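Asker: Structure: structure.tsv, TSV, C-alpha atoms.
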```tsv
chain	number	residue	atom	x	y	z
A	1	MET	CA	31.32	100.53	51.25
A	2	ALA	CA	31.26	98.83	47.87
A	3	ARG	CA	32.88	95.48	47.33
A	4	ARG	CA	33.99	94.81	43.76
A	5	SER	CA	35.06	91.57	42.14
A	6	LEU	CA	37.02	91.55	38.89
A	7	THR	CA	36.36	88.16	37.38
A	8	GLN	CA	37.08	88.77	33.71
A	9	GLY	CA	38.33	85.74	31.84
A	10	SER	CA	36.86	83.26	34.31
A	11	LYS	CA	35.71	79.83	33.23
A	12	VAL	CA	32.90	79.54	35.75
A	13	GLY	CA	29.33	79.80	34.59
A	14	ILE	CA	25.79	78.45	34.70
A	15	LEU	CA	25.35	74.76	33.89
A	16	GLY	CA	21.56	74.54	34.21
A	17	MET	CA	18.55	76.64	35.21
A	18	GLY	CA	14.93	76.31	36.25
A	19	TYR	CA	12.08	78.23	37.84
A	20	TYR	CA	8.73	77.64	39.46
A	21	VAL	CA	5.82	79.98	40.13
A	22	PRO	CA	2.60	79.06	41.96
A	23	PRO	CA	-0.42	78.37	39.72
A	24	LYS	CA	-2.73	80.86	41.46
A	25	ILE	CA	-2.95	84.20	39.61
A	26	LEU	CA	-3.99	87.43	41.32
A	27	ARG	CA	-4.99	89.98	38.68
A	28	ASN	CA	-5.35	93.72	39.05
A	29	SER	CA	-9.09	93.28	38.69
A	30	ASP	CA	-9.01	91.10	41.82
A	31	LEU	CA	-7.13	93.79	43.73
A	32	GLU	CA	-9.78	96.33	42.75
A	33	LYS	CA	-12.16	94.36	44.98
A	34	MET	CA	-9.72	94.26	47.91
A	35	VAL	CA	-8.33	97.81	48.19
A	36	ASP	CA	-8.98	101.28	46.79
A	37	THR	CA	-7.09	100.93	43.52
A	38	SER	CA	-7.68	100.31	39.82
A	39	ASN	CA	-6.17	98.29	37.02
A	40	GLU	CA	-5.33	101.51	35.18
A	41	TRP	CA	-3.52	103.00	38.19
A	42	ILE	CA	-1.46	99.86	38.82
A	43	THR	CA	-0.59	99.29	35.16
A	44	THR	CA	0.33	102.92	34.47
A	45	ARG	CA	2.57	103.26	37.52
A	46	THR	CA	4.16	99.81	37.65
A	47	GLY	CA	3.50	97.86	34.45
A	48	ILE	CA	2.17	94.98	36.58
A	49	LYS	CA	-1.02	93.25	35.41
A	50	GLN	CA	-0.94	90.13	37.57
A	51	ARG	CA	1.19	88.22	40.05
A	52	ARG	CA	1.44	84.63	41.36
A	53	ILE	CA	0.33	83.83	44.91
A	54	ALA	CA	1.29	80.74	46.91
A	55	GLU	CA	-1.39	78.78	48.74
A	56	PRO	CA	-1.46	79.14	52.57
A	57	ASP	CA	0.30	75.81	53.13
A	58	VAL	CA	3.11	76.49	50.62
A	59	SER	CA	6.46	77.67	51.99
A	60	THR	CA	9.48	79.34	50.43
A	61	SER	CA	11.45	76.09	50.68
A	62	LEU	CA	8.83	74.23	48.64
A	63	LEU	CA	8.96	76.79	45.81
A	64	GLY	CA	12.77	76.72	45.95
A	65	TYR	CA	12.82	72.91	45.93
A	66	ARG	CA	10.64	72.77	42.82
A	67	ALA	CA	12.83	75.29	41.00
A	68	ALA	CA	15.97	73.45	42.10
A	69	LYS	CA	14.71	70.14	40.72
A	70	LYS	CA	14.26	71.77	37.31
A	71	ALA	CA	17.73	73.32	37.43
A	72	LEU	CA	19.34	70.00	38.30
A	73	ARG	CA	17.48	68.29	35.46
A	74	ASP	CA	18.57	71.03	33.06
A	75	ALA	CA	22.20	70.62	34.16
A	76	GLY	CA	21.98	66.86	33.75
A	77	ILE	CA	23.11	66.06	37.28
A	78	THR	CA	21.60	64.65	40.48
A	79	ALA	CA	21.26	66.29	43.88
A	80	ARG	CA	24.01	64.05	45.23
A	81	GLU	CA	26.49	65.72	42.85
A	82	ILE	CA	25.91	69.15	44.45
A	83	ASP	CA	28.64	70.31	46.85
A	84	LEU	CA	27.01	73.48	48.18
A	85	ILE	CA	23.53	75.01	48.30
A	86	ILE	CA	23.11	78.78	48.65
A	87	VAL	CA	19.59	80.15	49.07
A	88	ALA	CA	18.78	83.83	48.63
A	89	THR	CA	15.54	84.81	50.36
A	90	THR	CA	13.90	87.44	52.53
A	91	THR	CA	11.00	85.14	53.43
A	92	GLN	CA	12.78	82.17	54.94
A	93	ASP	CA	10.63	79.32	56.29
A	94	MET	CA	11.73	80.19	59.84
A	95	PHE	CA	14.57	81.95	61.68
A	96	PHE	CA	16.50	78.70	61.86
A	97	PRO	CA	17.40	76.28	60.48
A	98	SER	CA	18.25	77.93	57.19
A	99	THR	CA	15.93	77.52	54.24
A	100	ALA	CA	18.96	76.11	52.41
A	101	CYS	CA	19.13	73.22	54.88
A	102	ILE	CA	15.41	72.54	54.42
A	103	ILE	CA	15.83	72.47	50.62
A	104	GLN	CA	18.87	70.23	51.06
A	105	GLN	CA	16.70	67.77	53.00
A	106	LYS	CA	13.93	67.91	50.39
A	107	LEU	CA	16.44	67.24	47.60
A	108	ARG	CA	18.24	64.55	49.65
A	109	ALA	CA	21.51	66.29	48.77
A	110	LYS	CA	23.27	64.81	51.79
A	111	GLY	CA	26.78	65.67	50.66
A	112	ALA	CA	26.14	69.40	50.29
A	113	ALA	CA	26.85	72.22	52.70
A	114	ALA	CA	24.02	74.76	52.86
A	115	PHE	CA	23.40	78.33	53.96
A	116	ASP	CA	21.17	81.35	53.27
A	117	ILE	CA	21.99	84.83	51.98
A	118	ALA	CA	19.85	87.86	52.89
A	119	ALA	CA	20.32	90.57	50.27
A	120	ALA	CA	16.69	91.30	49.41
A	121	CYS	CA	16.11	91.89	45.67
A	122	CYS	CA	19.86	91.56	44.98
A	123	GLY	CA	19.92	88.13	46.60
A	124	PHE	CA	20.34	86.11	43.41
A	125	ILE	CA	23.29	88.14	42.13
A	126	PHE	CA	24.94	88.15	45.56
A	127	ALA	CA	24.48	84.36	45.81
A	128	LEU	CA	25.65	83.76	42.23
A	129	ASN	CA	28.78	85.83	42.87
A	130	THR	CA	29.45	83.85	46.06
A	131	ALA	CA	29.02	80.55	44.20
A	132	TYR	CA	31.40	81.78	41.50
A	133	HIS	CA	34.19	82.37	43.99
A	134	TYR	CA	33.77	78.98	45.66
A	135	VAL	CA	34.06	77.23	42.30
A	136	LEU	CA	36.92	79.44	41.09
A	137	ALA	CA	38.88	78.74	44.28
A	138	GLY	CA	38.40	75.01	43.82
A	139	THR	CA	36.58	74.66	47.14
A	140	TYR	CA	33.51	73.19	45.44
A	141	GLN	CA	32.84	71.86	41.95
A	142	ARG	CA	29.08	72.37	41.66
A	143	VAL	CA	27.01	74.89	43.58
A	144	LEU	CA	23.23	75.09	43.55
A	145	VAL	CA	21.97	78.67	43.82
A	146	VAL	CA	18.29	79.13	44.70
A	147	ALA	CA	16.35	82.40	44.98
A	148	ALA	CA	12.87	81.91	46.41
A	149	GLU	CA	10.20	84.13	47.95
A	150	VAL	CA	6.67	83.94	49.33
A	151	LEU	CA	6.17	87.68	49.66
A	152	SER	CA	2.38	87.40	49.74
A	153	LYS	CA	2.69	86.31	53.38
A	154	VAL	CA	4.50	89.51	54.41
A	155	VAL	CA	2.45	91.92	52.29
A	156	ASP	CA	-0.12	94.13	54.03
A	157	TRP	CA	-3.19	93.50	51.90
A	158	THR	CA	-4.81	96.66	53.31
A	159	ASP	CA	-2.00	98.89	52.03
A	160	ARG	CA	-2.78	99.78	48.43
A	161	ASN	CA	0.68	101.29	47.86
A	162	THR	CA	2.56	98.05	48.46
A	163	CYS	CA	0.17	95.11	48.04
A	164	VAL	CA	-0.09	95.68	44.29
A	165	LEU	CA	3.66	95.25	43.77
A	166	PHE	CA	4.69	91.83	45.03
A	167	GLY	CA	4.34	88.20	44.00
A	168	ASP	CA	5.68	84.74	44.80
A	169	GLY	CA	8.11	82.53	42.90
A	170	ALA	CA	11.49	80.83	42.77
A	171	GLY	CA	14.38	80.26	40.41
A	172	ALA	CA	17.55	78.21	40.61
A	173	CYS	CA	20.77	77.51	38.75
A	174	VAL	CA	23.73	75.16	38.97
A	175	VAL	CA	27.13	76.87	38.90
A	176	GLY	CA	30.32	75.12	37.82
A	177	LYS	CA	33.28	75.16	35.44
A	178	VAL	CA	32.52	75.92	31.78
A	179	ARG	CA	34.73	75.64	28.71
A	180	THR	CA	33.96	79.08	27.29
A	181	GLY	CA	32.43	82.34	28.50
A	182	GLY	CA	30.93	82.30	31.96
A	183	ILE	CA	30.91	85.10	34.51
A	184	LEU	CA	33.01	88.00	33.26
A	185	SER	CA	32.54	90.53	36.06
A	186	SER	CA	30.49	91.40	39.11
A	187	TYR	CA	29.78	94.40	41.32
A	188	MET	CA	28.10	94.60	44.72
A	189	ALA	CA	27.40	97.64	46.89
A	190	SER	CA	25.49	98.50	50.07
A	191	ASP	CA	24.52	101.58	52.05
A	192	GLY	CA	22.75	101.03	55.38
A	193	THR	CA	22.06	104.76	55.64
A	194	TRP	CA	18.88	104.06	53.65
A	195	LYS	CA	17.79	101.00	55.64
A	196	ASP	CA	14.46	102.54	56.71
A	197	LEU	CA	13.18	103.09	53.17
A	198	LEU	CA	12.16	99.47	52.66
A	199	GLU	CA	11.78	97.13	55.60
A	200	ILE	CA	9.72	94.77	57.73
A	201	PRO	CA	10.13	96.49	61.12
A	202	ALA	CA	9.14	93.74	63.55
A	203	GLY	CA	9.83	90.07	64.10
A	204	GLY	CA	13.57	90.15	64.73
A	205	SER	CA	15.63	90.74	67.89
A	206	ARG	CA	15.21	94.52	67.68
A	207	MET	CA	11.42	94.33	67.84
A	208	PRO	CA	10.25	90.82	68.76
A	209	ALA	CA	6.70	89.78	68.03
A	210	SER	CA	4.15	91.08	70.55
A	211	HIS	CA	0.50	92.04	70.68
A	212	LEU	CA	1.57	95.62	69.92
A	213	THR	CA	3.65	94.76	66.85
A	214	VAL	CA	0.84	92.60	65.48
A	215	ASP	CA	-1.82	95.23	66.17
A	216	GLU	CA	0.27	97.92	64.47
A	217	ARG	CA	0.88	95.65	61.47
A	218	LEU	CA	4.67	95.90	61.81
A	219	HIS	CA	5.31	92.42	60.45
A	220	TYR	CA	4.49	93.55	56.93
A	221	ILE	CA	6.50	95.31	54.21
A	222	LYS	CA	6.80	99.08	54.68
A	223	MET	CA	8.12	101.18	51.83
A	224	ARG	CA	8.67	104.86	51.04
A	225	GLY	CA	8.00	104.44	47.37
A	226	ASN	CA	9.02	107.77	45.85
A	227	GLU	CA	12.44	107.77	47.51
A	228	VAL	CA	13.05	104.12	46.62
A	229	PHE	CA	12.16	104.83	42.97
A	230	LYS	CA	14.72	107.62	42.61
A	231	LEU	CA	17.52	105.70	44.28
A	232	ALA	CA	16.73	102.50	42.37
A	233	VAL	CA	17.24	104.15	39.00
A	234	LYS	CA	20.44	105.88	40.06
A	235	MET	CA	22.01	102.84	41.71
A	236	MET	CA	21.00	100.26	39.11
A	237	ALA	CA	22.52	102.44	36.40
A	238	GLU	CA	25.68	102.81	38.48
A	239	ALA	CA	25.88	99.07	39.05
A	240	GLY	CA	25.34	98.30	35.38
A	241	ASN	CA	28.08	100.68	34.28
A	242	LYS	CA	30.50	99.27	36.88
A	243	ALA	CA	30.06	95.63	35.84
A	244	VAL	CA	30.34	96.49	32.15
A	245	ALA	CA	33.56	98.45	32.77
A	246	LEU	CA	35.02	95.63	34.89
A	247	ALA	CA	34.29	93.20	32.05
A	248	GLY	CA	36.35	95.38	29.74
A	249	ILE	CA	33.47	96.08	27.37
A	250	GLU	CA	30.93	98.85	26.73
A	251	CYS	CA	27.17	98.97	27.20
A	252	ARG	CA	26.67	98.75	23.44
A	253	ASP	CA	28.33	95.31	23.57
A	254	ILE	CA	25.57	93.93	25.80
A	255	ASP	CA	23.11	91.66	23.96
A	256	CYS	CA	20.50	91.27	26.71
A	257	VAL	CA	19.78	93.03	30.00
A	258	ILE	CA	18.01	91.16	32.80
A	259	PRO	CA	16.99	93.77	35.39
A	260	HIS	CA	15.29	93.24	38.71
A	261	GLN	CA	11.59	93.20	37.87
A	262	ALA	CA	10.30	95.81	40.31
A	263	ASN	CA	8.59	98.38	38.16
A	264	TYR	CA	8.40	99.07	34.42
A	265	ARG	CA	9.24	102.76	34.88
A	266	ILE	CA	12.36	101.93	36.91
A	267	ILE	CA	13.51	99.46	34.26
A	268	ASN	CA	12.85	101.93	31.45
A	269	ALA	CA	14.68	104.77	33.20
A	270	THR	CA	17.65	102.51	34.05
A	271	ALA	CA	18.01	101.35	30.44
A	272	SER	CA	17.91	104.98	29.32
A	273	ARG	CA	20.70	105.95	31.73
A	274	LEU	CA	22.81	103.02	30.54
A	275	GLY	CA	22.23	104.01	26.93
A	276	ILE	CA	20.88	100.52	26.15
A	277	ASP	CA	18.00	100.07	23.71
A	278	LEU	CA	14.87	98.89	25.53
A	279	LYS	CA	14.56	96.14	22.90
A	280	LYS	CA	17.57	94.47	24.56
A	281	VAL	CA	15.88	94.47	27.97
A	282	TYR	CA	13.91	91.40	29.03
A	283	MET	CA	10.84	92.13	31.16
A	284	ASN	CA	8.21	89.91	32.76
A	285	VAL	CA	7.10	92.28	35.52
A	286	ASN	CA	3.66	92.41	33.89
A	287	LYS	CA	3.16	88.68	34.63
A	288	TYR	CA	4.78	88.23	38.03
A	289	GLY	CA	5.24	91.59	39.74
A	290	ASN	CA	8.19	91.98	42.10
A	291	MET	CA	9.40	88.60	43.38
A	292	SER	CA	12.39	90.12	45.20
A	293	SER	CA	15.43	87.81	44.94
A	294	ALA	CA	13.62	85.45	42.56
A	295	SER	CA	12.83	88.11	39.95
A	296	THR	CA	16.21	88.18	38.21
A	297	VAL	CA	16.73	84.43	37.99
A	298	VAL	CA	13.18	83.75	36.79
A	299	ALA	CA	13.56	86.42	34.08
A	300	LEU	CA	16.98	85.05	33.07
A	301	THR	CA	15.63	81.51	32.77
A	302	GLU	CA	12.64	82.67	30.73
A	303	ALA	CA	14.83	84.72	28.41
A	304	VAL	CA	17.05	81.71	27.73
A	305	LYS	CA	14.10	79.37	27.14
A	306	LYS	CA	12.50	81.86	24.73
A	307	GLY	CA	15.69	82.22	22.71
A	308	ARG	CA	16.33	85.80	23.75
A	309	ILE	CA	19.76	84.69	24.97
A	310	ARG	CA	21.98	82.40	22.90
A	311	LYS	CA	25.48	80.97	23.25
A	312	GLY	CA	28.08	83.72	23.07
A	313	ASP	CA	25.68	86.52	24.04
A	314	ARG	CA	26.79	88.99	26.67
A	315	VAL	CA	24.18	89.35	29.39
A	316	LEU	CA	23.95	92.08	32.04
A	317	LEU	CA	22.16	91.30	35.32
A	318	VAL	CA	21.34	94.31	37.49
A	319	ALA	CA	19.32	94.67	40.69
A	320	PHE	CA	18.49	96.93	43.62
A	321	GLY	CA	16.85	96.24	46.96
A	322	SER	CA	16.34	96.81	50.67
A	323	GLY	CA	19.47	97.51	52.65
A	324	LEU	CA	19.99	99.43	50.54
A	325	VAL	CA	21.90	97.09	48.25
A	326	TRP	CA	22.59	97.16	44.51
A	327	SER	CA	24.49	94.75	42.31
A	328	SER	CA	25.29	93.68	38.77
A	329	MET	CA	27.01	90.97	36.79
A	330	VAL	CA	28.11	90.41	33.20
A	331	LEU	CA	28.05	86.89	31.77
A	332	GLU	CA	29.01	85.49	28.41
A	333	TRP	CA	26.41	82.83	27.82
A	334	SER	CA	28.14	79.49	27.47
A	335	ARG	CA	25.28	77.08	26.71
```
Let's see the structure in the file written out as structure tokens.

Answerer:
Amino acid sequence: MARRSLTQGSKVGILGMGYYVPPKILRNSDLEKMVDTSNEWITTRTGIKQRRIAEPDVSTSLLGYRAAKKALRDAGITAREIDLIIVATTTQDMFFPSTACIIQQKLRAKGAAAFDIAAACCGFIFALNTAYHYVLAGTYQRVLVVAAEVLSKVVDWTDRNTCVLFGDGAGACVVGKVRTGGILSSYMASDGTWKDLLEIPAGGSRMPASHLTVDERLHYIKMRGNEVFKLAVKMMAEAGNKAVALAGIECRDIDCVIPHQANYRIINATASRLGIDLKKVYMNVNKYGNMSSASTVVALTEAVKKGRIRKGDRVLLVAFGSGLVWSSMVLEWSR
């Protein structure tokens, strides 16, 4: 069942942003030596040319912490001024405590509450929408939203269909009251009927870790790619149209689209369905691959830093992920 939030006319927006990606680059030419694939095959089907890979001793919380520090600096505030930390991730450091609590400790943000959100590739938009409502209600003044992933540690590097897709990275933003613009609308939807299309089968209470689950490689990402592709295009287009309508505008009024960076063909097809010129769509999938929850916020931060988004621009965020979940948001850029 979809959950919709009409937030038009709000004065809550993004005060500062930052992102961090590991320095190690894994190129398609490197993958050619690891599995039966080719640079041409990967590029033609996905648009991905390289991705970032965290070192073995680097955790999701460390990437998130580094992104958060940049966001706080950009917002001109300290960690002690943060009231709440929300972390979106599918690769948490451990089952508990939450990755948000670990990042809180790293930041020394002692006054902040902290919790995680699990919404796969839609995690950033889900978390940003949650932060919006806390600020709008007056419960908190400043919320730190972090989306961070170390997907390389849950990728099966023997599976050529999935290992070429994913990368590691993190992005963060500070949410608070703004004088103009801000979040205009949001849309979130889920359908657990499709839960088996994209999953990590083992490791939870349903299928705890055992010799069998390890031997059968059930702790890695499993995906039915063709079915996911078709649904992703349909649902991202639906989400985009919903958020635009809730904002009281039309797709032609959008200045920049920041889609989940899963696959060039998915992005292209979604823009076509929305009737939005591809020139308005920001893409970095070629550099980073699919970073799940981190993809959207990293792309948004890059687009702002490169001048693709300026004050007063209307920006559409749209994503799709495991669950299945899909979501969107329209912002009027206020910085």

Asker: Which protein, DNA or RNA residues are at most 6 Å from (22.1, 78.1, 36.1) in the file's coordinates when you count all atoms listed in the file, listed as an MDAnalysis selection string?

Answerer: chainID A and resid 14:17 173:175

Asker: Excluding segment 284-295 of chain A and residues on its chain fewer than 2 positions from it, collect all residues at most 8 Å away from it, counting only C-alpha atoms, and give them as a ChimeraX atom specification.

Answerer: /A:47-52,88-90,119-124,147-149,151,165-171,260-264,282,297-299,321

Asker: Filtering to C-alpha atoms, could you give me those residues as a PDB file, in the coordinates of the input?

Answerer:
```pdb
ATOM      1  CA  GLY A  47       3.500  97.860  34.450  1.00  0.00           C
ATOM      2  CA  ILE A  48       2.170  94.980  36.580  1.00  0.00           C
ATOM      3  CA  LYS A  49      -1.020  93.250  35.410  1.00  0.00           C
ATOM      4  CA  GLN A  50      -0.940  90.130  37.570  1.00  0.00           C
ATOM      5  CA  ARG A  51       1.190  88.220  40.050  1.00  0.00           C
ATOM      6  CA  ARG A  52       1.440  84.630  41.360  1.00  0.00           C
ATOM      7  CA  ALA A  88      18.780  83.830  48.630  1.00  0.00           C
ATOM      8  CA  THR A  89      15.540  84.810  50.360  1.00  0.00           C
ATOM      9  CA  THR A  90      13.900  87.440  52.530  1.00  0.00           C
ATOM     10  CA  ALA A 119      20.320  90.570  50.270  1.00  0.00           C
ATOM     11  CA  ALA A 120      16.690  91.300  49.410  1.00  0.00           C
ATOM     12  CA  CYS A 121      16.110  91.890  45.670  1.00  0.00           C
ATOM     13  CA  CYS A 122      19.860  91.560  44.980  1.00  0.00           C
ATOM     14  CA  GLY A 123      19.920  88.130  46.600  1.00  0.00           C
ATOM     15  CA  PHE A 124      20.340  86.110  43.410  1.00  0.00           C
ATOM     16  CA  ALA A 147      16.350  82.400  44.980  1.00  0.00           C
ATOM     17  CA  ALA A 148      12.870  81.910  46.410  1.00  0.00           C
ATOM     18  CA  GLU A 149      10.200  84.130  47.950  1.00  0.00           C
ATOM     19  CA  LEU A 151       6.170  87.680  49.660  1.00  0.00           C
ATOM     20  CA  LEU A 165       3.660  95.250  43.770  1.00  0.00           C
ATOM     21  CA  PHE A 166       4.690  91.830  45.030  1.00  0.00           C
ATOM     22  CA  GLY A 167       4.340  88.200  44.000  1.00  0.00           C
ATOM     23  CA  ASP A 168       5.680  84.740  44.800  1.00  0.00           C
ATOM     24  CA  GLY A 169       8.110  82.530  42.900  1.00  0.00           C
ATOM     25  CA  ALA A 170      11.490  80.830  42.770  1.00  0.00           C
ATOM     26  CA  GLY A 171      14.380  80.260  40.410  1.00  0.00           C
ATOM     27  CA  HIS A 260      15.290  93.240  38.710  1.00  0.00           C
ATOM     28  CA  GLN A 261      11.590  93.200  37.870  1.00  0.00           C
ATOM     29  CA  ALA A 262      10.300  95.810  40.310  1.00  0.00           C
ATOM     30  CA  ASN A 263       8.590  98.380  38.160  1.00  0.00           C
ATOM     31  CA  TYR A 264       8.400  99.070  34.420  1.00  0.00           C
ATOM     32  CA  TYR A 282      13.910  91.400  29.030  1.00  0.00           C
ATOM     33  CA  VAL A 297      16.730  84.430  37.990  1.00  0.00           C
ATOM     34  CA  VAL A 298      13.180  83.750  36.790  1.00  0.00           C
ATOM     35  CA  ALA A 299      13.560  86.420  34.080  1.00  0.00           C
ATOM     36  CA  GLY A 321      16.850  96.240  46.960  1.00  0.00           C
TER      37      GLY A 321
END
```

Asker: Excluding Ala189 of chain A and any residue of its chain fewer than 5 positions from it, enumerate the residues within 12 Å of it, using all atoms listed in the file, and give them as a list in words.

Answerer: Met1, Ala2, Arg3, Arg4, Ser5, Ala119, Cys122, Ile125, Phe126, Met235, Met236, Glu238, Ala239, Gly240, Lys242, Ala243, Val318, Ala319, Phe320, Gly321, Ser322, Gly323, Leu324, Val325, Trp326, Ser327 and Ser328 of chain A

Asker: Residues of the last selection are to be written out with C-alpha atoms, as a short mmCIF file (atom, residue, chain, number, x, y, z; two decimals), keeping the file's coordinate frame.

Answerer:
```cif
data_model
loop_
_atom_site.label_atom_id
_atom_site.label_comp_id
_atom_site.auth_asym_id
_atom_site.auth_seq_id
_atom_site.Cartn_x
_atom_site.Cartn_y
_atom_site.Cartn_z
CA MET A 1 31.32 100.53 51.25
CA ALA A 2 31.26 98.83 47.87
CA ARG A 3 32.88 95.48 47.33
CA ARG A 4 33.99 94.81 43.76
CA SER A 5 35.06 91.57 42.14
CA ALA A 119 20.32 90.57 50.27
CA CYS A 122 19.86 91.56 44.98
CA ILE A 125 23.29 88.14 42.13
CA PHE A 126 24.94 88.15 45.56
CA MET A 235 22.01 102.84 41.71
CA MET A 236 21.00 100.26 39.11
CA GLU A 238 25.68 102.81 38.48
CA ALA A 239 25.88 99.07 39.05
CA GLY A 240 25.34 98.30 35.38
CA LYS A 242 30.50 99.27 36.88
CA ALA A 243 30.06 95.63 35.84
CA VAL A 318 21.34 94.31 37.49
CA ALA A 319 19.32 94.67 40.69
CA PHE A 320 18.49 96.93 43.62
CA GLY A 321 16.85 96.24 46.96
CA SER A 322 16.34 96.81 50.67
CA GLY A 323 19.47 97.51 52.65
CA LEU A 324 19.99 99.43 50.54
CA VAL A 325 21.90 97.09 48.25
CA TRP A 326 22.59 97.16 44.51
CA SER A 327 24.49 94.75 42.31
CA SER A 328 25.29 93.68 38.77
#
```

Asker: How far is it from atom CA of Leu218 of chain A to atom CA of Val154 of chain A, in Å with one decimal?

Answerer: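 So the answer is 9.8 Å.
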
Asker: Do a neighbour search on Ala245 of chain A at 10 Å with all atoms listed in the file, toss out local chain neighbours closer than 6 positions, and write the hits as a PyMOL selection string.

Answerer: chain A and resi 6+185-186+239+251+330

Asker: Could you build a table of the residues in segment 48-151 of chain A lying no more than 12 Å from segment 19-32 of chain A, giving for each the nearest pair of atoms and their separation in Å rounded to one decimal place, using all atoms listed in the file, ordered by chain and ascending residue number, as a Markdown table?

Answerer:
```
| residue | atom | partner | partner_atom | distance |
| --- | --- | --- | --- | --- |
| A:Ile48 | CA | A:Asn28 | CA | 8.0 |
| A:Lys49 | CA | A:Asn28 | CA | 5.7 |
| A:Gln50 | CA | A:Arg27 | CA | 4.2 |
| A:Arg51 | CA | A:Leu26 | CA | 5.4 |
| A:Arg52 | CA | A:Ile25 | CA | 4.7 |
| A:Ile53 | CA | A:Lys24 | CA | 5.5 |
| A:Ala54 | CA | A:Pro22 | CA | 5.4 |
| A:Glu55 | CA | A:Lys24 | CA | 7.7 |
| A:Pro56 | CA | A:Lys24 | CA | 11.3 |
| A:Asp57 | CA | A:Pro22 | CA | 11.9 |
| A:Val58 | CA | A:Pro22 | CA | 9.0 |
| A:Ser59 | CA | A:Pro22 | CA | 10.8 |
| A:Thr60 | CA | A:Pro22 | CA | 10.9 |
| A:Ser61 | CA | A:Tyr20 | CA | 11.6 |
| A:Leu62 | CA | A:Tyr20 | CA | 9.8 |
| A:Leu63 | CA | A:Tyr20 | CA | 6.4 |
| A:Gly64 | CA | A:Tyr20 | CA | 7.7 |
| A:Tyr65 | CA | A:Tyr20 | CA | 9.0 |
| A:Arg66 | CA | A:Tyr20 | CA | 6.2 |
| A:Ala67 | CA | A:Tyr19 | CA | 4.4 |
| A:Ala68 | CA | A:Tyr19 | CA | 7.5 |
| A:Lys69 | CA | A:Tyr19 | CA | 9.0 |
| A:Lys70 | CA | A:Tyr19 | CA | 6.8 |
| A:Ala71 | CA | A:Tyr19 | CA | 7.5 |
| A:Leu72 | CA | A:Tyr19 | CA | 11.0 |
| A:Arg73 | CA | A:Tyr19 | CA | 11.6 |
| A:Asp74 | CA | A:Tyr19 | CA | 10.8 |
| A:Val145 | CA | A:Tyr19 | CA | 11.6 |
| A:Val146 | CA | A:Tyr19 | CA | 9.3 |
| A:Ala147 | CA | A:Tyr19 | CA | 9.3 |
| A:Ala148 | CA | A:Tyr20 | CA | 9.1 |
| A:Glu149 | CA | A:Val21 | CA | 9.9 |
| A:Val150 | CA | A:Pro22 | CA | 9.7 |
```

Asker: Could you check the closest approach to Asp255 of chain A for each of A:Asp83, A:Glu302, A:Asp191, A:Asp277 and tell me which residue wins, using all atoms listed in the file?

Answerer: A:Asp277

Asker: Which one is closest to Ile249 of chain A: A:Lys230, A:Arg314, A:Lys110, A:Lys279? Count all atoms listed in the file.

Answerer: A:Arg314

Asker: Take atom CA of Met329 of chain A and atom CA of Leu316 of chain A and report the distance between them in Å, one decimal.

Answerer: 5.8 Å

Asker: For a quick check of your reading of the model, name the residues lying within 7 Å of the coordinate (25.0, 99.1, 30.1), counting all atoms listed in the file, and write them as a PDB file with C-alpha atoms, keeping the file's coordinate frame.

Answerer:
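File written: point27.pdb
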```pdb
ATOM      1  CA  GLY A 240      25.340  98.300  35.380  1.00  0.00           C
ATOM      2  CA  ASN A 241      28.080 100.680  34.280  1.00  0.00           C
ATOM      3  CA  VAL A 244      30.340  96.490  32.150  1.00  0.00           C
ATOM      4  CA  GLU A 250      30.930  98.850  26.730  1.00  0.00           C
ATOM      5  CA  CYS A 251      27.170  98.970  27.200  1.00  0.00           C
ATOM      6  CA  ARG A 252      26.670  98.750  23.440  1.00  0.00           C
ATOM      7  CA  ILE A 254      25.570  93.930  25.800  1.00  0.00           C
ATOM      8  CA  LEU A 274      22.810 103.020  30.540  1.00  0.00           C
ATOM      9  CA  GLY A 275      22.230 104.010  26.930  1.00  0.00           C
ATOM     10  CA  ILE A 276      20.880 100.520  26.150  1.00  0.00           C
TER      11      ILE A 276
END
```

Asker: Rounded to one decimal, what separation in Å do you get between atom CA of Ala79 of chain A and atom CA of Arg108 of chain A?

Answerer: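 Atom CA of Arg108 of chain A lies 6.7 Å from atom CA of Ala79 of chain A.
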
Asker: Each side padded by 8 Å, which centre and which edge lengths in Å (one decimal) define the axis-aligned box around the listed atoms of segment 126-135 of chain A? Give them as lines of an AutoDock Vina configuration file.

Answerer:
```
center_x = 29.3
center_y = 82.7
center_z = 43.8
size_x = 25.7
size_y = 26.9
size_z = 20.6
```

Asker: Can you pull out every residue within 8 Å of Thr270 of chain A, counting only C-alpha atoms, but drop anything in the same chain fewer than 2 positions away, and send it as JSON, numbers by chain?

Answerer: {"A": [233, 234, 236, 237, 266, 267, 268, 272, 273, 274]}

Asker: Using only C-alpha atoms, pick whichever of A:Asp116, A:Gly192, A:Leu212, A:Ala269 has the shortest atom-to-atom distance to Met94 of chain A.

Answerer: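 Result for the nearest residue to Met94 of chain A: A:Asp116.
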
Asker: Counting only C-alpha atoms, which residue out of A:Val155, A:Ala209, A:Cys256, A:Ala247 sits closest to Ile221 of chain A?

Answerer: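 Of the candidates, the smallest distance to Ile221 of chain A is held by A:Val155.
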
Asker: Using all atoms listed in the file, pick whichever of A:Arg160, A:His219, A:Ile309, A:Arg224 has the shortest atom-to-atom distance to Val257 of chain A.

Answerer: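 Using all atoms listed in the file, the shortest distance to Val257 of chain A belongs to A:Ile309.
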
Asker: In terms of the shortest atom-to-atom distance over all atoms listed in the file, which of A:Met223, A:Ala75, A:Leu184, A:Val143 is closest to Gly248 of chain A?

Answerer: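 Going through A:Met223, A:Ala75, A:Leu184, A:Val143 one by one, the smallest distance to Gly248 of chain A is for A:Leu184.
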